[in-house]
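Just input.pdb here, PDB, C-alpha atoms, pLDDT in the B column:
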```pdb
ATOM      1  CA  MET A 436     206.915 215.838   6.369  1.00 32.00           C
ATOM      2  CA  LEU A 437     203.779 213.729   6.582  1.00 37.00           C
ATOM      3  CA  LYS A 438     202.805 211.604   3.634  1.00 38.00           C
ATOM      4  CA  PHE A 439     199.253 210.343   2.942  1.00 41.00           C
ATOM      5  CA  GLY A 440     198.612 212.959   0.294  1.00 39.00           C
ATOM      6  CA  PHE A 441     199.401 215.797   2.680  1.00 36.00           C
ATOM      7  CA  ILE A 442     201.965 217.088   0.232  1.00 31.00           C
ATOM      8  CA  PRO A 443     202.869 220.720   0.810  1.00 31.00           C
ATOM      9  CA  ALA A 444     202.504 222.998  -2.203  1.00 32.00           C
ATOM     10  CA  ALA A 445     201.271 226.443  -3.090  1.00 31.00           C
ATOM     11  CA  LEU A 446     197.537 226.722  -2.487  1.00 31.00           C
ATOM     12  CA  GLY A 447     196.740 229.511  -4.909  1.00 35.00           C
ATOM     13  CA  VAL A 448     194.080 227.835  -7.069  1.00 35.00           C
ATOM     14  CA  ALA A 449     190.993 229.965  -7.512  1.00 37.00           C
ATOM     15  CA  ALA A 450     187.784 228.184  -6.585  1.00 42.00           C
ATOM     16  CA  LEU A 451     184.408 228.542  -8.188  1.00 48.00           C
ATOM     17  CA  ALA A 452     181.261 228.145  -6.174  1.00 51.00           C
ATOM     18  CA  VAL A 453     177.995 226.902  -7.640  1.00 52.00           C
ATOM     19  CA  PRO A 454     174.808 227.034  -5.540  1.00 50.00           C
ATOM     20  CA  VAL A 455     172.887 223.743  -5.610  1.00 50.00           C
ATOM     21  CA  ALA A 456     170.179 224.269  -2.993  1.00 49.00           C
ATOM     22  CA  ALA A 457     169.328 226.628  -0.168  1.00 45.00           C
ATOM     23  CA  ASN A 458     172.568 227.313   1.737  1.00 49.00           C
ATOM     24  CA  ALA A 459     174.416 224.587  -0.206  1.00 68.00           C
ATOM     25  CA  VAL A 460     177.375 225.468  -2.411  1.00 90.00           C
ATOM     26  CA  ILE A 461     179.731 223.268  -4.408  1.00 96.00           C
ATOM     27  CA  LEU A 462     183.315 224.504  -4.307  1.00 96.00           C
ATOM     28  CA  GLY A 463     186.157 224.127  -6.797  1.00 97.00           C
ATOM     29  CA  PRO A 464     186.927 224.954 -10.431  1.00 97.00           C
ATOM     30  CA  ALA A 465     184.796 221.987 -11.619  1.00 97.00           C
ATOM     31  CA  ALA A 466     181.783 222.867  -9.433  1.00 97.00           C
ATOM     32  CA  ALA A 467     179.470 222.993 -12.458  1.00 97.00           C
ATOM     33  CA  THR A 468     180.417 219.396 -13.329  1.00 97.00           C
ATOM     34  CA  CYS A 469     179.064 218.049 -10.045  1.00 97.00           C
ATOM     35  CA  ALA A 470     176.122 220.447 -10.006  1.00 96.00           C
ATOM     36  CA  SER A 471     174.983 219.018 -13.353  1.00 96.00           C
ATOM     37  CA  GLY A 472     175.598 215.402 -12.282  1.00 97.00           C
ATOM     38  CA  GLU A 473     178.376 214.773 -14.805  1.00 97.00           C
ATOM     39  CA  ARG A 474     181.276 212.400 -14.064  1.00 98.00           C
ATOM     40  CA  GLY A 475     183.132 213.648 -11.009  1.00 98.00           C
ATOM     41  CA  VAL A 476     183.404 213.195  -7.269  1.00 98.00           C
ATOM     42  CA  LEU A 477     181.521 215.429  -4.861  1.00 98.00           C
ATOM     43  CA  VAL A 478     183.485 215.228  -1.619  1.00 98.00           C
ATOM     44  CA  THR A 479     181.699 216.434   1.513  1.00 97.00           C
ATOM     45  CA  VAL A 480     184.386 217.314   4.042  1.00 97.00           C
ATOM     46  CA  ALA A 481     183.115 216.914   7.608  1.00 96.00           C
ATOM     47  CA  GLY A 482     184.583 217.524  11.048  1.00 96.00           C
ATOM     48  CA  LEU A 483     186.567 220.713  10.520  1.00 96.00           C
ATOM     49  CA  LYS A 484     188.427 221.756  13.632  1.00 95.00           C
ATOM     50  CA  GLN A 485     188.118 225.441  12.698  1.00 95.00           C
ATOM     51  CA  ARG A 486     186.661 227.508   9.872  1.00 96.00           C
ATOM     52  CA  SER A 487     190.005 228.762   8.618  1.00 96.00           C
ATOM     53  CA  GLY A 488     192.705 227.913   6.122  1.00 97.00           C
ATOM     54  CA  LYS A 489     192.423 225.749   3.024  1.00 97.00           C
ATOM     55  CA  VAL A 490     191.121 222.304   2.130  1.00 98.00           C
ATOM     56  CA  ARG A 491     193.000 220.217  -0.428  1.00 97.00           C
ATOM     57  CA  VAL A 492     191.307 217.238  -2.076  1.00 98.00           C
ATOM     58  CA  GLN A 493     193.459 214.892  -4.152  1.00 98.00           C
ATOM     59  CA  LEU A 494     192.177 212.120  -6.408  1.00 98.00           C
ATOM     60  CA  TYR A 495     194.241 208.964  -7.038  1.00 98.00           C
ATOM     61  CA  ALA A 496     193.744 205.914  -9.199  1.00 98.00           C
ATOM     62  CA  ALA A 497     193.036 202.911  -6.944  1.00 97.00           C
ATOM     63  CA  LYS A 498     196.454 201.301  -7.443  1.00 96.00           C
ATOM     64  CA  SER A 499     199.122 200.153  -5.022  1.00 94.00           C
ATOM     65  CA  ASN A 500     201.052 203.413  -5.451  1.00 94.00           C
ATOM     66  CA  PHE A 501     198.116 205.598  -4.360  1.00 95.00           C
ATOM     67  CA  LEU A 502     199.192 208.447  -2.085  1.00 93.00           C
ATOM     68  CA  ASP A 503     202.768 208.307  -3.401  1.00 94.00           C
ATOM     69  CA  LYS A 504     204.249 211.721  -4.046  1.00 92.00           C
ATOM     70  CA  GLY A 505     203.227 213.162  -7.393  1.00 93.00           C
ATOM     71  CA  VAL A 506     200.884 210.350  -8.556  1.00 97.00           C
ATOM     72  CA  TRP A 507     197.619 212.175  -7.887  1.00 97.00           C
ATOM     73  CA  LEU A 508     195.331 212.606 -10.886  1.00 98.00           C
ATOM     74  CA  GLU A 509     193.499 215.743  -9.784  1.00 98.00           C
ATOM     75  CA  ARG A 510     194.069 218.260  -7.014  1.00 97.00           C
ATOM     76  CA  VAL A 511     191.548 220.858  -5.869  1.00 98.00           C
ATOM     77  CA  ASP A 512     192.400 223.530  -3.303  1.00 97.00           C
ATOM     78  CA  VAL A 513     189.682 225.730  -1.811  1.00 97.00           C
ATOM     79  CA  ALA A 514     189.426 228.237   1.006  1.00 97.00           C
ATOM     80  CA  VAL A 515     187.376 226.979   3.941  1.00 96.00           C
ATOM     81  CA  PRO A 516     184.030 228.787   3.808  1.00 95.00           C
ATOM     82  CA  ALA A 517     182.912 230.716   6.878  1.00 92.00           C
ATOM     83  CA  SER A 518     179.771 228.574   7.162  1.00 90.00           C
ATOM     84  CA  GLY A 519     177.851 225.793   5.476  1.00 88.00           C
ATOM     85  CA  ASN A 520     178.957 222.476   4.064  1.00 89.00           C
ATOM     86  CA  VAL A 521     182.368 222.030   2.520  1.00 95.00           C
ATOM     87  CA  ASP A 522     181.411 220.235  -0.695  1.00 97.00           C
ATOM     88  CA  VAL A 523     184.291 220.052  -3.163  1.00 98.00           C
ATOM     89  CA  CYS A 524     183.911 218.836  -6.748  1.00 98.00           C
ATOM     90  CA  VAL A 525     186.794 216.909  -8.273  1.00 98.00           C
ATOM     91  CA  PRO A 526     186.594 216.167 -11.996  1.00 97.00           C
ATOM     92  CA  VAL A 527     187.115 212.564 -13.109  1.00 98.00           C
ATOM     93  CA  GLU A 528     188.213 211.765 -16.652  1.00 96.00           C
ATOM     94  CA  THR A 529     187.146 208.125 -16.913  1.00 97.00           C
ATOM     95  CA  ALA A 530     184.912 205.742 -14.975  1.00 98.00           C
ATOM     96  CA  GLY A 531     186.854 203.525 -12.596  1.00 98.00           C
ATOM     97  CA  ASN A 532     188.041 202.971  -9.035  1.00 98.00           C
ATOM     98  CA  TYR A 533     189.590 205.834  -7.119  1.00 98.00           C
ATOM     99  CA  VAL A 534     190.899 207.009  -3.728  1.00 98.00           C
ATOM    100  CA  VAL A 535     190.567 210.512  -2.277  1.00 98.00           C
ATOM    101  CA  SER A 536     192.736 212.159   0.340  1.00 97.00           C
ATOM    102  CA  VAL A 537     191.762 215.394   2.060  1.00 98.00           C
ATOM    103  CA  ARG A 538     193.994 217.750   4.020  1.00 97.00           C
ATOM    104  CA  HIS A 539     192.815 220.703   6.087  1.00 97.00           C
ATOM    105  CA  ASP A 540     195.680 223.218   6.085  1.00 97.00           C
ATOM    106  CA  LEU A 541     194.397 224.946   9.195  1.00 94.00           C
ATOM    107  CA  ASN A 542     196.556 228.070   8.962  1.00 93.00           C
ATOM    108  CA  GLY A 543     196.672 228.143   5.145  1.00 92.00           C
ATOM    109  CA  ASN A 544     200.463 228.245   4.996  1.00 93.00           C
ATOM    110  CA  GLY A 545     200.783 225.472   2.373  1.00 90.00           C
ATOM    111  CA  LYS A 546     202.810 223.260   4.706  1.00 91.00           C
ATOM    112  CA  SER A 547     201.835 220.139   6.656  1.00 88.00           C
ATOM    113  CA  ASP A 548     201.761 221.112  10.304  1.00 89.00           C
ATOM    114  CA  ARG A 549     200.917 219.142  13.429  1.00 89.00           C
ATOM    115  CA  LYS A 550     197.655 221.109  13.752  1.00 93.00           C
ATOM    116  CA  ASP A 551     196.469 220.208  10.219  1.00 95.00           C
ATOM    117  CA  GLY A 552     193.793 217.579   9.723  1.00 95.00           C
ATOM    118  CA  GLY A 553     193.353 214.871   7.149  1.00 96.00           C
ATOM    119  CA  GLY A 554     191.182 212.044   5.998  1.00 97.00           C
ATOM    120  CA  PHE A 555     190.529 209.538   3.241  1.00 97.00           C
ATOM    121  CA  SER A 556     187.670 208.137   1.239  1.00 98.00           C
ATOM    122  CA  GLY A 557     186.123 205.271   3.174  1.00 97.00           C
ATOM    123  CA  ASN A 558     187.146 206.972   6.445  1.00 97.00           C
ATOM    124  CA  PRO A 559     189.642 204.280   7.504  1.00 96.00           C
ATOM    125  CA  ASP A 560     190.947 204.240  11.055  1.00 93.00           C
ATOM    126  CA  VAL A 561     194.411 205.815  10.888  1.00 92.00           C
ATOM    127  CA  LYS A 562     196.549 205.846  14.018  1.00 91.00           C
ATOM    128  CA  LEU A 563     199.186 208.412  14.944  1.00 89.00           C
ATOM    129  CA  GLY A 564     201.794 205.645  14.613  1.00 90.00           C
ATOM    130  CA  ASP A 565     200.674 205.118  11.006  1.00 91.00           C
ATOM    131  CA  LEU A 566     201.407 208.770  10.256  1.00 86.00           C
ATOM    132  CA  ILE A 567     204.782 208.661  11.957  1.00 87.00           C
ATOM    133  CA  ALA A 568     205.766 205.454  10.125  1.00 91.00           C
ATOM    134  CA  LYS A 569     204.255 206.802   6.853  1.00 89.00           C
ATOM    135  CA  ARG A 570     201.950 203.772   6.547  1.00 93.00           C
ATOM    136  CA  LYS A 571     199.052 204.404   4.231  1.00 94.00           C
ATOM    137  CA  PRO A 572     195.591 202.970   4.820  1.00 96.00           C
ATOM    138  CA  SER A 573     194.635 199.866   2.874  1.00 96.00           C
ATOM    139  CA  LEU A 574     193.575 200.237  -0.718  1.00 96.00           C
ATOM    140  CA  SER A 575     190.448 198.175  -0.073  1.00 96.00           C
ATOM    141  CA  ALA A 576     189.353 200.481   2.779  1.00 97.00           C
ATOM    142  CA  THR A 577     189.718 203.661   0.734  1.00 97.00           C
ATOM    143  CA  THR A 578     188.576 202.685  -2.796  1.00 98.00           C
ATOM    144  CA  PHE A 579     185.270 203.841  -4.281  1.00 98.00           C
ATOM    145  CA  ARG A 580     183.755 203.612  -7.759  1.00 98.00           C
ATOM    146  CA  VAL A 581     182.960 206.450 -10.160  1.00 98.00           C
ATOM    147  CA  GLY A 582     180.639 205.664 -13.067  1.00 98.00           C
ATOM    148  CA  ASN A 583     179.310 208.098 -15.638  1.00 97.00           C
ATOM    149  CA  SER A 584     177.727 210.480 -13.132  1.00 97.00           C
ATOM    150  CA  THR A 585     178.795 212.309  -9.987  1.00 98.00           C
ATOM    151  CA  ALA A 586     179.832 210.001  -7.152  1.00 98.00           C
ATOM    152  CA  LYS A 587     179.186 211.405  -3.667  1.00 98.00           C
ATOM    153  CA  ILE A 588     181.457 210.590  -0.758  1.00 98.00           C
ATOM    154  CA  ARG A 589     181.916 211.942   2.762  1.00 98.00           C
ATOM    155  CA  VAL A 590     185.326 212.318   4.367  1.00 98.00           C
ATOM    156  CA  VAL A 591     185.563 212.935   8.106  1.00 97.00           C
ATOM    157  CA  LEU A 592     188.723 214.790   9.063  1.00 97.00           C
ATOM    158  CA  ASN A 593     191.055 213.585  11.797  1.00 96.00           C
ATOM    159  CA  TYR A 594     193.465 215.718  13.823  1.00 96.00           C
ATOM    160  CA  VAL A 595     196.347 214.932  16.160  1.00 93.00           C
ATOM    161  CA  GLN A 596     194.974 215.036  19.720  1.00 91.00           C
ATOM    162  CA  GLY A 597     197.535 214.151  22.320  1.00 89.00           C
ATOM    163  CA  LEU A 598     198.794 210.723  21.276  1.00 88.00           C
ATOM    164  CA  SER A 599     195.958 209.949  18.880  1.00 89.00           C
ATOM    165  CA  PHE A 600     194.766 210.918  15.395  1.00 93.00           C
ATOM    166  CA  GLU A 601     190.984 211.067  15.390  1.00 93.00           C
ATOM    167  CA  PRO A 602     187.917 213.180  14.591  1.00 95.00           C
ATOM    168  CA  ILE A 603     187.247 216.236  16.739  1.00 90.00           C
ATOM    169  CA  GLY A 604     184.416 215.819  19.167  1.00 72.00           C
TER     170      GLY A 604
END
```
Any chance you could give the structure as structure tokens?
Amino acid sequence: MLKFGFIPAALGVAALAVPVAANAVILGPAAATCASGERGVLVTVAGLKQRSGKVRVQLYAAKSNFLDKGVWLERVDVAVPASGNVDVCVPVETAGNYVVSVRHDLNGNGKSDRKDGGGFSGNPDVKLGDLIAKRKPSLSATTFRVGNSTAKIRVVLNYVQGLSFEPIG
């Protein structure tokens, strides 16, 4: 099993969608939080390999144990929309420093498979060897700040391609 927040679990959480502009929709149960600019994280997930399956976004406190099993603060699972941006709102209780991990469960089976993609806030360079050795990216490369309004970040997904782990394209 891969680590890095790609923790298999049931992906049955219902997602709300709130339109924010023409063709733009915020996904997740806390969509209204980000749409109104309240404290949260609006994660734009980029670089999907396919428009299928589920996306899981997990929020961690920016501490040395980030990405450890079970220490996530919030988890949002949404179905990948057929088109448009994949903007997922994650609620944040208090202002502070955080890390986000994203997993694209390509076939939606709730398990981490070789075909699944993943990424982190800050878009650090993660090598296939890092995944195999279960080395997490540095805290400094993945940390971002949330104040009293919605923080916006972009996470580019990486997929195993031959002997590398990189964005599609």
| said: Starting from the PyMOL selection byres ((chain A and resi 515) around 10), expand the selection into actual residues of this file and give them as a VMD selection string. | reply: chain A and resid 462 483 485 to 491 512 to 514 516 to 521 539 to 541 543
| Pairwise distance for atom CA of A:Asn593 and atom CA of A:Arg474, rounded to one decimal in Å | 27.7 Å
| For the file shown, what are the residues hit by the PyMOL selection byres ((chain A and resi 536) around 10), laid out as a PyMOL selection string? | chain A and resi 439-441+478+491-495+501-502+507+510+534-535+537-538+553-558+577+590+592
Take the residues just selected and output them with C-alpha atoms as a PDB file, in the frame of the given file.
```
ATOM      1  CA  PHE A 439     199.253 210.343   2.942  1.00 41.00           C
ATOM      2  CA  GLY A 440     198.612 212.959   0.294  1.00 39.00           C
ATOM      3  CA  PHE A 441     199.401 215.797   2.680  1.00 36.00           C
ATOM      4  CA  VAL A 478     183.485 215.228  -1.619  1.00 98.00           C
ATOM      5  CA  ARG A 491     193.000 220.217  -0.428  1.00 97.00           C
ATOM      6  CA  VAL A 492     191.307 217.238  -2.076  1.00 98.00           C
ATOM      7  CA  GLN A 493     193.459 214.892  -4.152  1.00 98.00           C
ATOM      8  CA  LEU A 494     192.177 212.120  -6.408  1.00 98.00           C
ATOM      9  CA  TYR A 495     194.241 208.964  -7.038  1.00 98.00           C
ATOM     10  CA  PHE A 501     198.116 205.598  -4.360  1.00 95.00           C
ATOM     11  CA  LEU A 502     199.192 208.447  -2.085  1.00 93.00           C
ATOM     12  CA  TRP A 507     197.619 212.175  -7.887  1.00 97.00           C
ATOM     13  CA  ARG A 510     194.069 218.260  -7.014  1.00 97.00           C
ATOM     14  CA  VAL A 534     190.899 207.009  -3.728  1.00 98.00           C
ATOM     15  CA  VAL A 535     190.567 210.512  -2.277  1.00 98.00           C
ATOM     16  CA  VAL A 537     191.762 215.394   2.060  1.00 98.00           C
ATOM     17  CA  ARG A 538     193.994 217.750   4.020  1.00 97.00           C
ATOM     18  CA  GLY A 553     193.353 214.871   7.149  1.00 96.00           C
ATOM     19  CA  GLY A 554     191.182 212.044   5.998  1.00 97.00           C
ATOM     20  CA  PHE A 555     190.529 209.538   3.241  1.00 97.00           C
ATOM     21  CA  SER A 556     187.670 208.137   1.239  1.00 98.00           C
ATOM     22  CA  GLY A 557     186.123 205.271   3.174  1.00 97.00           C
ATOM     23  CA  ASN A 558     187.146 206.972   6.445  1.00 97.00           C
ATOM     24  CA  THR A 577     189.718 203.661   0.734  1.00 97.00           C
ATOM     25  CA  VAL A 590     185.326 212.318   4.367  1.00 98.00           C
ATOM     26  CA  LEU A 592     188.723 214.790   9.063  1.00 97.00           C
TER      27      LEU A 592
END
```
| In Å, with one decimal, what is the gap from atom CA of A:Ser471 to atom CA of A:Ser584? | 9.0 Å
| message | Need the shell around A:Val595: protein/DNA/RNA residues with any atom at most 8 Å away, counting only C-alpha atoms. Skip same-chain ones fewer than 6 positions apart. Format as number ranges by chain? | response | A: 549-552, 563, 601
| Nearest to A:Val525 by atom-to-atom distance, counting all atoms listed in the file, from A:Ala586, A:Gly604, A:Thr578, A:Tyr594 | A:Ala586
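Nearest-residue note for A:Glu509: choosing from A:Asp522, A:Ala497, A:Ala481, A:Glu528, the minimum distance belongs to A:Glu528, counting only C-alpha atoms.
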| request: Using all atoms listed in the file, pick whichever of A:Tyr533, A:Thr468, A:Pro602, A:Val460 has the shortest atom-to-atom distance to A:Ala576. | output: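 That would be A:Tyr533, the residue with the smallest distance to A:Ala576.
Across the model, the gap from atom CA of A:Arg570 to atom CA of A:Ser547 is 16.4 Å.
For the choices A:Gly545, A:Pro526, A:Gly597, A:Gly582, the atom-to-atom distance to A:Ala470 is smallest for A:Pro526 when using all atoms listed in the file.
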